[in-house]
Each structure stands twice: as structure tokens, then as C-alpha cells.
$ cat target.cif   # mmCIF, C-alpha atoms
data_work
#
loop_
_atom_site.group_PDB
_atom_site.id
_atom_site.type_symbol
_atom_site.label_atom_id
_atom_site.label_comp_id
_atom_site.auth_asym_id
_atom_site.auth_seq_id
_atom_site.Cartn_x
_atom_site.Cartn_y
_atom_site.Cartn_z
ATOM 1 C CA GLU D 1 0.000 0.000 0.000
ATOM 2 C CA THR D 2 2.896 2.394 0.670
ATOM 3 C CA GLY D 3 3.953 2.448 -2.966
ATOM 4 C CA MET D 4 0.478 2.960 -4.427
ATOM 5 C CA LEU D 5 -0.059 6.549 -3.288
ATOM 6 C CA PRO D 6 3.223 7.913 -4.721
ATOM 7 C CA ARG D 7 2.645 5.965 -7.944
ATOM 8 C CA ARG D 8 -0.737 7.658 -8.314
ATOM 9 C CA TYR D 9 0.870 11.016 -7.479
ATOM 10 C CA MET D 10 3.560 10.484 -10.111
ATOM 11 C CA HIS D 11 0.949 9.552 -12.687
ATOM 12 C CA GLU D 12 -1.218 12.589 -11.937
ATOM 13 C CA TYR D 13 1.455 15.264 -11.634
ATOM 14 C CA GLY D 14 4.634 14.075 -13.326
ATOM 15 C CA ALA D 15 6.644 13.697 -10.139
ATOM 16 C CA THR D 16 9.801 11.595 -10.456
ATOM 17 C CA ARG D 17 12.193 9.662 -8.269
ATOM 18 C CA ASP D 18 14.488 12.688 -8.437
ATOM 19 C CA HIS D 19 11.920 14.584 -6.393
ATOM 20 C CA LEU D 20 11.823 11.818 -3.798
ATOM 21 C CA PHE D 21 15.615 11.854 -3.743
ATOM 22 C CA ASN D 22 15.522 15.581 -2.935
ATOM 23 C CA VAL D 23 13.592 14.720 0.214
ATOM 24 C CA ALA D 24 15.869 11.860 1.239
ATOM 25 C CA MET D 25 18.943 13.980 0.586
ATOM 26 C CA ALA D 26 17.736 16.940 2.643
ATOM 27 C CA CYS D 27 17.051 14.703 5.632
ATOM 28 C CA ARG D 28 20.359 12.875 5.281
ATOM 29 C CA ASN D 29 22.329 16.120 4.981
ATOM 30 C CA ARG D 30 20.871 17.334 8.263
ATOM 31 C CA ALA D 31 21.555 13.997 9.951
ATOM 32 C CA ASN D 32 25.174 14.242 8.801
ATOM 33 C CA GLU D 33 25.433 17.330 11.023
ATOM 34 C CA ASN D 34 23.711 15.775 14.036
ATOM 35 C CA PRO D 35 25.930 13.607 16.284
ATOM 36 C CA ALA D 36 22.823 12.009 17.813
ATOM 37 C CA ALA D 37 21.504 10.826 14.425
ATOM 38 C CA MET D 38 21.812 7.222 13.304
ATOM 39 C CA MET D 39 23.082 8.479 9.945
ATOM 40 C CA TYR D 40 25.604 10.948 11.366
ATOM 41 C CA GLU D 41 28.635 11.184 9.060
ATOM 42 C CA ARG D 42 27.069 8.680 6.637
ATOM 43 C CA PRO D 43 26.520 10.668 3.417
ATOM 44 C CA LEU D 44 23.971 9.779 0.761
ATOM 45 C CA THR D 45 24.635 10.298 -2.944
ATOM 46 C CA ARG D 46 22.289 10.312 -5.896
ATOM 47 C CA GLU D 47 24.014 7.201 -7.283
ATOM 48 C CA MET D 48 23.512 5.360 -3.985
ATOM 49 C CA TYR D 49 19.863 6.321 -4.014
ATOM 50 C CA MET D 50 19.141 5.447 -7.635
ATOM 51 C CA THR D 51 20.897 2.076 -7.508
ATOM 52 C CA SER D 52 19.555 0.916 -4.132
ATOM 53 C CA ARG D 53 17.109 -1.968 -4.004
ATOM 54 C CA MET D 54 13.419 -1.398 -4.471
ATOM 55 C CA ILE D 55 11.240 -2.010 -1.416
ATOM 56 C CA SER D 56 7.818 -1.132 -2.860
ATOM 57 C CA ASP D 57 8.111 0.416 -6.317
ATOM 58 C CA PRO D 58 8.604 3.398 -6.683
ATOM 59 C CA LEU D 59 10.039 3.465 -3.148
ATOM 60 C CA CYS D 60 13.614 2.287 -2.752
ATOM 61 C CA LEU D 61 15.581 1.585 0.413
ATOM 62 C CA PHE D 62 16.282 5.267 1.083
ATOM 63 C CA ASP D 63 12.635 6.303 0.706
ATOM 64 C CA ASN D 64 11.833 4.374 3.875
ATOM 65 C CA CYS D 65 12.364 5.517 7.448
ATOM 66 C CA LEU D 66 14.734 3.899 9.893
ATOM 67 C CA GLU D 67 13.733 1.364 12.530
ATOM 68 C CA THR D 68 14.812 2.725 15.892
ATOM 69 C CA ASP D 69 14.532 1.970 19.590
ATOM 70 C CA GLY D 70 14.516 5.191 21.552
ATOM 71 C CA ALA D 71 12.965 7.299 24.274
ATOM 72 C CA LEU D 72 12.096 10.980 24.181
ATOM 73 C CA ALA D 73 10.259 13.444 26.364
ATOM 74 C CA CYS D 74 9.076 17.011 26.383
ATOM 75 C CA VAL D 75 7.720 19.059 29.270
ATOM 76 C CA ILE D 76 4.512 21.027 28.722
ATOM 77 C CA VAL D 77 3.542 23.666 31.266
ATOM 78 C CA SER D 78 1.549 26.885 31.223
ATOM 79 C CA ALA D 79 3.099 29.913 29.537
ATOM 80 C CA GLU D 80 3.210 31.615 32.930
ATOM 81 C CA ARG D 81 5.088 28.709 34.499
ATOM 82 C CA ALA D 82 7.427 28.437 31.512
ATOM 83 C CA ARG D 83 8.836 31.904 32.179
ATOM 84 C CA ASP D 84 10.434 30.590 35.371
ATOM 85 C CA CYS D 85 11.938 27.446 33.818
ATOM 86 C CA ARG D 86 15.641 27.054 33.231
ATOM 87 C CA GLN D 87 15.335 26.565 29.463
ATOM 88 C CA LYS D 88 14.088 29.219 27.060
ATOM 89 C CA PRO D 89 10.381 28.473 26.534
ATOM 90 C CA VAL D 90 8.883 27.565 23.169
ATOM 91 C CA TYR D 91 5.151 28.155 22.836
ATOM 92 C CA VAL D 92 2.439 26.014 21.260
ATOM 93 C CA HIS D 93 0.739 28.589 19.059
ATOM 94 C CA SER D 94 -1.848 26.366 17.368
ATOM 95 C CA ALA D 95 -2.722 22.684 17.278
ATOM 96 C CA ALA D 96 -5.089 20.566 15.209
ATOM 97 C CA GLN D 97 -5.956 17.011 14.273
ATOM 98 C CA GLY D 98 -8.178 15.533 11.629
ATOM 99 C CA LEU D 99 -8.910 13.132 8.816
ATOM 100 C CA PRO D 100 -10.929 13.571 5.631
ATOM 101 C CA ALA D 101 -14.374 12.178 4.890
ATOM 102 C CA GLN D 102 -14.390 8.556 3.666
ATOM 103 C CA HIS D 103 -11.011 7.875 5.248
ATOM 104 C CA HIS D 104 -10.404 4.225 6.022
ATOM 105 C CA GLY D 105 -7.611 3.327 8.407
ATOM 106 C CA MET D 106 -4.146 3.676 6.921
ATOM 107 C CA VAL D 107 -5.388 3.740 3.345
ATOM 108 C CA ASN D 108 -7.182 6.397 1.336
ATOM 109 C CA TYR D 109 -8.138 4.412 -1.755
ATOM 110 C CA TRP D 110 -11.906 4.609 -1.229
ATOM 111 C CA ASN D 111 -11.865 8.408 -1.215
ATOM 112 C CA ASP D 112 -13.168 10.315 -4.180
ATOM 113 C CA ASP D 113 -9.796 12.093 -4.100
ATOM 114 C CA PRO D 114 -7.080 9.904 -2.543
ATOM 115 C CA LEU D 115 -4.412 12.604 -2.931
ATOM 116 C CA SER D 116 -6.271 15.008 -0.631
ATOM 117 C CA GLY D 117 -5.269 13.305 2.575
ATOM 118 C CA PRO D 118 -5.572 14.093 6.271
ATOM 119 C CA ALA D 119 -3.080 16.982 6.074
ATOM 120 C CA TRP D 120 -5.649 19.021 4.173
ATOM 121 C CA THR D 121 -8.216 18.533 6.937
ATOM 122 C CA ALA D 122 -5.839 19.212 9.839
ATOM 123 C CA ALA D 123 -4.389 22.250 8.073
ATOM 124 C CA ARG D 124 -7.749 24.008 7.840
ATOM 125 C CA HIS D 125 -8.148 23.897 11.612
ATOM 126 C CA LEU D 126 -4.479 24.654 12.282
ATOM 127 C CA TRP D 127 -4.336 27.874 10.252
ATOM 128 C CA LYS D 128 -7.797 28.993 11.378
ATOM 129 C CA GLN D 129 -6.455 29.285 14.928
ATOM 130 C CA ALA D 130 -3.108 30.851 13.963
ATOM 131 C CA ASP D 131 -1.980 34.462 13.725
ATOM 132 C CA PHE D 132 0.270 33.663 10.756
ATOM 133 C CA GLY D 133 0.217 31.531 7.624
ATOM 134 C CA PRO D 134 2.431 29.086 5.712
ATOM 135 C CA ALA D 135 4.542 31.890 4.205
ATOM 136 C CA ASP D 136 5.573 32.889 7.742
ATOM 137 C CA VAL D 137 6.924 29.466 8.757
ATOM 138 C CA ASP D 138 10.712 29.596 9.137
ATOM 139 C CA VAL D 139 11.379 25.856 9.439
ATOM 140 C CA ALA D 140 9.278 22.677 9.334
ATOM 141 C CA GLN D 141 9.531 19.230 10.842
ATOM 142 C CA ILE D 142 7.350 17.129 8.529
ATOM 143 C CA TYR D 143 6.585 13.501 9.308
ATOM 144 C CA ASP D 144 8.737 11.425 6.978
ATOM 145 C CA ALA D 145 8.054 7.731 7.412
ATOM 146 C CA PHE D 146 8.350 7.705 3.603
ATOM 147 C CA THR D 147 9.692 10.392 1.273
ATOM 148 C CA PRO D 148 6.400 10.954 -0.657
ATOM 149 C CA LEU D 149 4.737 12.158 2.529
ATOM 150 C CA ILE D 150 6.772 15.361 2.274
ATOM 151 C CA PRO D 151 5.406 16.695 -1.054
ATOM 152 C CA LEU D 152 1.896 15.577 -0.059
ATOM 153 C CA SER D 153 2.230 17.437 3.248
ATOM 154 C CA LEU D 154 3.711 20.535 1.603
ATOM 155 C CA GLU D 155 0.535 20.754 -0.455
ATOM 156 C CA GLY D 156 -1.836 19.902 2.376
ATOM 157 C CA TYR D 157 -0.407 22.529 4.727
ATOM 158 C CA GLY D 158 -0.476 25.209 2.057
ATOM 159 C CA PHE D 159 3.167 25.771 1.169
ATOM 160 C CA CYS D 160 2.314 25.226 -2.496
ATOM 161 C CA GLY D 161 -0.649 24.362 -4.682
ATOM 162 C CA ARG D 162 -2.154 20.979 -5.440
ATOM 163 C CA GLY D 163 0.272 18.904 -7.506
ATOM 164 C CA GLU D 164 3.165 21.326 -6.873
ATOM 165 C CA GLY D 165 4.749 19.538 -3.910
ATOM 166 C CA ALA D 166 7.275 17.604 -5.989
ATOM 167 C CA ALA D 167 8.452 20.693 -7.860
ATOM 168 C CA PHE D 168 8.686 22.536 -4.526
ATOM 169 C CA THR D 169 11.581 20.225 -3.562
ATOM 170 C CA GLU D 170 13.737 21.381 -6.475
ATOM 171 C CA GLY D 171 16.689 23.751 -6.264
ATOM 172 C CA GLY D 172 17.594 22.958 -2.668
ATOM 173 C CA ALA D 173 14.293 24.302 -1.337
ATOM 174 C CA LEU D 174 14.292 21.851 1.593
ATOM 175 C CA GLU D 175 17.941 22.420 2.479
ATOM 176 C CA MET D 176 19.464 25.010 4.791
ATOM 177 C CA GLY D 177 18.997 28.416 3.172
ATOM 178 C CA GLY D 178 16.168 27.089 1.003
ATOM 179 C CA ARG D 179 12.522 28.131 0.876
ATOM 180 C CA LEU D 180 11.588 25.784 3.723
ATOM 181 C CA PRO D 181 14.315 23.862 5.569
ATOM 182 C CA ILE D 182 12.839 20.600 6.824
ATOM 183 C CA ASN D 183 13.640 17.910 9.384
ATOM 184 C CA THR D 184 16.741 19.655 10.602
ATOM 185 C CA GLY D 185 17.770 16.834 12.933
ATOM 186 C CA GLY D 186 17.510 14.271 10.117
ATOM 187 C CA GLY D 187 13.890 13.231 10.631
ATOM 188 C CA GLY D 188 12.573 9.696 10.595
ATOM 189 C CA LEU D 189 14.514 8.973 7.433
ATOM 190 C CA SER D 190 17.963 9.680 8.835
ATOM 191 C CA GLU D 191 17.963 10.692 12.518
ATOM 192 C CA ALA D 192 15.719 8.066 14.085
ATOM 193 C CA TYR D 193 12.223 6.729 13.592
ATOM 194 C CA VAL D 194 10.432 7.115 16.898
ATOM 195 C CA HIS D 195 7.021 7.811 15.378
ATOM 196 C CA GLY D 196 7.675 11.507 14.926
ATOM 197 C CA PHE D 197 8.438 12.489 18.500
ATOM 198 C CA ASN D 198 11.941 13.580 17.519
ATOM 199 C CA LEU D 199 10.340 16.101 15.163
ATOM 200 C CA ILE D 200 8.679 17.820 18.129
ATOM 201 C CA ASN D 201 11.930 18.014 20.059
ATOM 202 C CA GLU D 202 13.800 19.262 17.002
ATOM 203 C CA GLY D 203 11.223 22.003 16.512
ATOM 204 C CA VAL D 204 11.813 23.130 20.074
ATOM 205 C CA LYS D 205 15.572 23.119 19.524
ATOM 206 C CA GLN D 206 15.197 25.281 16.434
ATOM 207 C CA LEU D 207 13.227 27.934 18.276
ATOM 208 C CA ARG D 208 15.667 27.854 21.182
ATOM 209 C CA GLY D 209 18.581 28.255 18.786
ATOM 210 C CA THR D 210 20.215 24.979 19.830
ATOM 211 C CA SER D 211 19.789 22.787 16.739
ATOM 212 C CA THR D 212 22.785 21.153 15.086
ATOM 213 C CA ALA D 213 21.474 22.641 11.816
ATOM 214 C CA GLN D 214 20.197 25.954 13.068
ATOM 215 C CA VAL D 215 18.005 28.109 10.851
ATOM 216 C CA PRO D 216 19.095 31.696 11.619
ATOM 217 C CA ASP D 217 16.569 33.612 13.732
ATOM 218 C CA ALA D 218 13.942 30.864 13.476
ATOM 219 C CA ALA D 219 10.819 32.059 15.268
ATOM 220 C CA THR D 220 8.087 29.763 13.879
ATOM 221 C CA CYS D 221 8.045 26.021 13.210
ATOM 222 C CA LEU D 222 5.444 23.598 11.876
ATOM 223 C CA VAL D 223 5.548 20.034 13.219
ATOM 224 C CA THR D 224 3.325 17.425 11.576
ATOM 225 C CA ALA D 225 2.252 13.867 12.174
ATOM 226 C CA GLY D 226 1.805 11.278 9.439
ATOM 227 C CA GLU D 227 0.116 12.027 6.149
ATOM 228 C CA GLY D 228 -2.061 9.164 4.895
ATOM 229 C CA VAL D 229 -3.268 8.322 8.403
ATOM 230 C CA PRO D 230 -5.418 10.254 10.898
ATOM 231 C CA THR D 231 -3.053 13.114 11.619
ATOM 232 C CA SER D 232 -2.245 16.100 13.776
ATOM 233 C CA ALA D 233 0.020 19.132 13.657
ATOM 234 C CA ILE D 234 1.278 21.935 15.851
ATOM 235 C CA LEU D 235 2.675 25.370 15.206
ATOM 236 C CA LEU D 236 5.463 26.374 17.558
ATOM 237 C CA ARG D 237 6.668 29.916 18.103
ATOM 238 C CA ALA D 238 9.541 31.421 19.999
#

$ encode --input "target.cif" --output "C-alpha cells"
Amino acid sequence: ETGMLPRRYMHEYGATRDHLFNVAMACRNRANENPAAMMYERPLTREMYMTSRMISDPLCLFDNCLETDGALACVIVSAERARDCRQKPVYVHSAAQGLPAQHHGMVNYWNDDPLSGPAWTAARHLWKQADFGPADVDVAQIYDAFTPLIPLSLEGYGFCGRGEGAAFTEGGALEMGGRLPINTGGGGLSEAYVHGFNLINEGVKQLRGTSTAQVPDAATCLVTAGEGVPTSAILLRA
């Protein structure tokens, strides 16, 4: 089932494996800078990607997240209490969860429009509660169990139009200094796969200025859960 959604997306919009590679490469480059990442100092090249074994066509080995044992935690307190804490506080600005009509478990194939996944539903509620929009997001931690979830999420959360998520990845857009740096700790693809919790912690690090791949003056961060399954998202602000 994992390969069917990107195959449909490729058919509809002309996306290619090069676009999926852009996602894998951005995550790996950030992991190469993160001593805590499983893929620290283990570079990925286009040749490695293109010649790796297929897992579920069109997804190859490097389109799939890691398998990781790990433990993480974050402390949530009131804004008033946070002012007295030792660490610089990061604020939850907006939060949302949702799934589209007709959704069925982990698969979307019975929907009238299988490429409009849960991100589209969650995003409507997320931005409705926010004081800023997608253009004001400095850095994003987007759930990356598989590389195609990134372009689908970019569209769902409003960073580009429908069918434009693959093209959005071109020209280093997801890298440091690009339009939207993503998964700056390496994400599930290259830091660790602990069901997205590391994305929350990395978002906090970005807004504290303590990331190993720090986006200069980052003040806003989107963190998402999985696309293709009932999902949720938060907007963090400094």
C-alpha cells in the first residue's frame, strides 16, 4: 500500500524519483550534522539512491524511514510557568488534528480524491487558529516515514498548490537556506524513527537556537504527524 499513493501522485502530476531523492537527501544532509543521528557522518549520494534496491516500487531503500529503539520526552507547562523554567520556553501557538471524509484506516483508496489526505483537513483547523500563515513558517519538521509524505504534506499545509509539492523540492528548497528547511535533525529517514516524536523536540531546539542545523533567527516552526493516516500538527513559536 505504501507504494500505491506515490505511484498515483507520479501519474497525476509528473513527479519523479528525483523529487523523492531531494527529500531523502535533505534529511540525510541534516543527519550528517547531528551527532545524535543514526546516519551521522554517513553521506547519501544520488548514485547510492538510484541504484539501491526497491522495497515497494517506486520506493527504494532510502525512501523508507529507519527502525529505531529510543525514548524521548518534552515538558509542557503553562506559559506563565514556563517563564520561570531554566530553558528558554517555546510556545504552542496552534494545534489541530483531523482526517478527511471517507477515510479508512491507513489507506485512502476509497476516497473520491485519494491525494487530498488528512493533512488538508488538519491544516484548515491549524491555520484557522493561527496568527500567521504558511509563508511565515521559518522551518518545518514534517513527518517522513516515507519520502512521498513530504510533497503531499507541503501541499496539504499550504506551502504550495495541489500537484506542486514535488516541484517545490527542487533547487535545494528543503535544504538550509532554502525556501523551507525541513527535518533539521535528520527526521525519521535519517535521525531516528520514533514515530515523529523527535520532530517535536527538534522544533523546540530550532526555536531555542540549539539545533545542530540551526536556521538563523527561526521564530516559527510547523511540526506534523503522518500524512495518509489520521493526523495532527502543531505550530510552535519562539

$ residues_around --input "target.cif" --residues "Asp112 (chain D)" --least-positions-apart "6" --cutoff "10 Å" --atoms "all atoms listed in the file" --output "short mmCIF file (atom, residue, chain, number, x, y, z; two decimals) with C-alpha atoms, in the coordinates of the input"
data_model
loop_
_atom_site.label_atom_id
_atom_site.label_comp_id
_atom_site.auth_asym_id
_atom_site.auth_seq_id
_atom_site.Cartn_x
_atom_site.Cartn_y
_atom_site.Cartn_z
CA ALA D 101 -14.37 12.18 4.89
CA GLN D 102 -14.39 8.56 3.67
CA HIS D 103 -11.01 7.88 5.25
#

$ closest_atom_pairs --input "target.cif" --of "region 12-104 of chain D" --to "region 162-180 of chain D" --cutoff "10 Å" --atoms "all atoms listed in the file" --output "JSON lines"
{"residue": "D:Glu12", "atom": "CA", "partner": "D:Gly163", "partner_atom": "CA", "distance": 7.9}
{"residue": "D:Tyr13", "atom": "CA", "partner": "D:Gly163", "partner_atom": "CA", "distance": 5.6}
{"residue": "D:Gly14", "atom": "CA", "partner": "D:Ala166", "partner_atom": "CA", "distance": 8.6}
{"residue": "D:Ala15", "atom": "CA", "partner": "D:Ala166", "partner_atom": "CA", "distance": 5.7}
{"residue": "D:Thr16", "atom": "CA", "partner": "D:Ala166", "partner_atom": "CA", "distance": 7.9}
{"residue": "D:Arg17", "atom": "CA", "partner": "D:Ala166", "partner_atom": "CA", "distance": 9.6}
{"residue": "D:Asp18", "atom": "CA", "partner": "D:Glu170", "partner_atom": "CA", "distance": 8.9}
{"residue": "D:His19", "atom": "CA", "partner": "D:Ala166", "partner_atom": "CA", "distance": 5.6}
{"residue": "D:Leu20", "atom": "CA", "partner": "D:Ala166", "partner_atom": "CA", "distance": 7.7}
{"residue": "D:Phe21", "atom": "CA", "partner": "D:Thr169", "partner_atom": "CA", "distance": 9.3}
{"residue": "D:Asn22", "atom": "CA", "partner": "D:Thr169", "partner_atom": "CA", "distance": 6.1}
{"residue": "D:Val23", "atom": "CA", "partner": "D:Thr169", "partner_atom": "CA", "distance": 7.0}
{"residue": "D:Met25", "atom": "CA", "partner": "D:Glu175", "partner_atom": "CA", "distance": 8.7}
{"residue": "D:Ala26", "atom": "CA", "partner": "D:Glu175", "partner_atom": "CA", "distance": 5.5}
{"residue": "D:Cys27", "atom": "CA", "partner": "D:Glu175", "partner_atom": "CA", "distance": 8.4}
{"residue": "D:Asn29", "atom": "CA", "partner": "D:Glu175", "partner_atom": "CA", "distance": 8.1}
{"residue": "D:Arg30", "atom": "CA", "partner": "D:Glu175", "partner_atom": "CA", "distance": 8.2}

$ closest_atom_pairs --input "target.cif" --of "region 126-227 of chain D" --to "region 81-90 of chain D" --cutoff "10 Å" --atoms "all atoms listed in the file" --output "CSV"
residue,atom,partner,partner_atom,distance
D:Gly203,CA,D:Val90,CA,9.0
D:Val204,CA,D:Val90,CA,6.2
D:Lys205,CA,D:Val90,CA,8.8
D:Gln206,CA,D:Val90,CA,9.5
D:Leu207,CA,D:Val90,CA,6.6
D:Arg208,CA,D:Lys88,CA,6.2
D:Gly209,CA,D:Lys88,CA,9.5
D:Ala219,CA,D:Val90,CA,9.3
D:Thr220,CA,D:Val90,CA,9.6

$ resolve_selection --input "target.cif" --expression "the PyMOL selection byres ((chain D and resi 68) around 6)" --output "list in words"
Glu67, Asp69, Ala192 and Tyr193 of chain D

$ atom_distance --input "target.cif" --atom1 "CA of Glu33 (chain D)" --atom2 "CA of Thr212 (chain D)"
6.2 Å

$ closest_residue --input "target.cif" --among "D:Leu115, D:Gly98, D:Tyr91, D:Asn34" --to "His11 (chain D)" --atoms "all atoms listed in the file"
D:Leu115

$ atom_distance --input "target.cif" --atom1 "CA of Ile150 (chain D)" --atom2 "CA of Leu222 (chain D)"
12.7 Å

$ closest_residue --input "target.cif" --among "D:Ile76, D:Ala225, D:Ala218, D:Leu189" --to "Met38 (chain D)" --atoms "all atoms listed in the file"
D:Leu189

$ resolve_selection --input "target.cif" --expression "the PyMOL selection byres ((chain D and resi 200) around 10)" --output "list of chain:residue names"
D:Leu72, D:Ala73, D:Cys74, D:Gln141, D:Ile142, D:Gly196, D:Phe197, D:Asn198, D:Leu199, D:Asn201, D:Glu202, D:Gly203, D:Val204, D:Lys205, D:Cys221, D:Leu222, D:Val223, D:Thr224, D:Ala225, D:Ala233, D:Ile234, D:Leu236

$ atom_distance --input "target.cif" --atom1 "CA of Ala145 (chain D)" --atom2 "CA of Gly3 (chain D)"
12.3 Å

$ resolve_selection --input "target.cif" --expression "the PyMOL selection byres ((chain D and resi 153) around 10)" --output "list in words"
Ser116, Gly117, Pro118, Ala119, Trp120, Ala123, Ile142, Tyr143, Asp144, Pro148, Leu149, Ile150, Pro151, Leu152, Leu154, Glu155, Gly156, Tyr157, Gly158, Phe159, Cys160, Gly165, Thr224, Ala225, Gly226, Glu227 and Gly228 of chain D

$ axis_aligned_box --input "target.cif" --around "region 49-56 of chain D" --padding-each-side "4 Å" --output "lines of an AutoDock Vina configuration file"
center_x = 14.4
center_y = 2.2
center_z = -4.5
size_x = 21.1
size_y = 16.3
size_z = 14.2

$ closest_residue --input "target.cif" --among "D:Ala96, D:Ala238, D:Ala31, D:Leu5" --to "Leu59 (chain D)" --atoms "all atoms listed in the file"
D:Leu5

$ closest_residue --input "target.cif" --among "D:Val194, D:Val215, D:Leu99, D:Ile55" --to "Pro230 (chain D)" --atoms "only C-alpha atoms"
D:Leu99

$ residues_near_point --input "target.cif" --point "(-2.6, 27.6, 18.4)" --cutoff "9 Å" --atoms "only C-alpha atoms" --output "MDAnalysis selection string"
chainID D and resid 91:96 126:131 234:236

$ decode --input "target.cif" --residues "region 51-82 of chain D" --atoms "C-alpha atoms" --output "PDB file, in the first residue's frame"
ATOM      1  CA  THR D  51      20.897   2.076  -7.508  1.00  0.00           C
ATOM      2  CA  SER D  52      19.555   0.916  -4.132  1.00  0.00           C
ATOM      3  CA  ARG D  53      17.109  -1.968  -4.004  1.00  0.00           C
ATOM      4  CA  MET D  54      13.419  -1.398  -4.471  1.00  0.00           C
ATOM      5  CA  ILE D  55      11.240  -2.010  -1.416  1.00  0.00           C
ATOM      6  CA  SER D  56       7.818  -1.132  -2.860  1.00  0.00           C
ATOM      7  CA  ASP D  57       8.111   0.416  -6.317  1.00  0.00           C
ATOM      8  CA  PRO D  58       8.604   3.398  -6.683  1.00  0.00           C
ATOM      9  CA  LEU D  59      10.039   3.465  -3.148  1.00  0.00           C
ATOM     10  CA  CYS D  60      13.614   2.287  -2.752  1.00  0.00           C
ATOM     11  CA  LEU D  61      15.581   1.585   0.413  1.00  0.00           C
ATOM     12  CA  PHE D  62      16.282   5.267   1.083  1.00  0.00           C
ATOM     13  CA  ASP D  63      12.635   6.303   0.706  1.00  0.00           C
ATOM     14  CA  ASN D  64      11.833   4.374   3.875  1.00  0.00           C
ATOM     15  CA  CYS D  65      12.364   5.517   7.448  1.00  0.00           C
ATOM     16  CA  LEU D  66      14.734   3.899   9.893  1.00  0.00           C
ATOM     17  CA  GLU D  67      13.733   1.364  12.530  1.00  0.00           C
ATOM     18  CA  THR D  68      14.812   2.725  15.892  1.00  0.00           C
ATOM     19  CA  ASP D  69      14.532   1.970  19.590  1.00  0.00           C
ATOM     20  CA  GLY D  70      14.516   5.191  21.552  1.00  0.00           C
ATOM     21  CA  ALA D  71      12.965   7.299  24.274  1.00  0.00           C
ATOM     22  CA  LEU D  72      12.096  10.980  24.181  1.00  0.00           C
ATOM     23  CA  ALA D  73      10.259  13.444  26.364  1.00  0.00           C
ATOM     24  CA  CYS D  74       9.076  17.011  26.383  1.00  0.00           C
ATOM     25  CA  VAL D  75       7.720  19.059  29.270  1.00  0.00           C
ATOM     26  CA  ILE D  76       4.512  21.027  28.722  1.00  0.00           C
ATOM     27  CA  VAL D  77       3.542  23.666  31.266  1.00  0.00           C
ATOM     28  CA  SER D  78       1.549  26.885  31.223  1.00  0.00           C
ATOM     29  CA  ALA D  79       3.099  29.913  29.537  1.00  0.00           C
ATOM     30  CA  GLU D  80       3.210  31.615  32.930  1.00  0.00           C
ATOM     31  CA  ARG D  81       5.088  28.709  34.499  1.00  0.00           C
ATOM     32  CA  ALA D  82       7.427  28.437  31.512  1.00  0.00           C
TER      33      ALA D  82
END
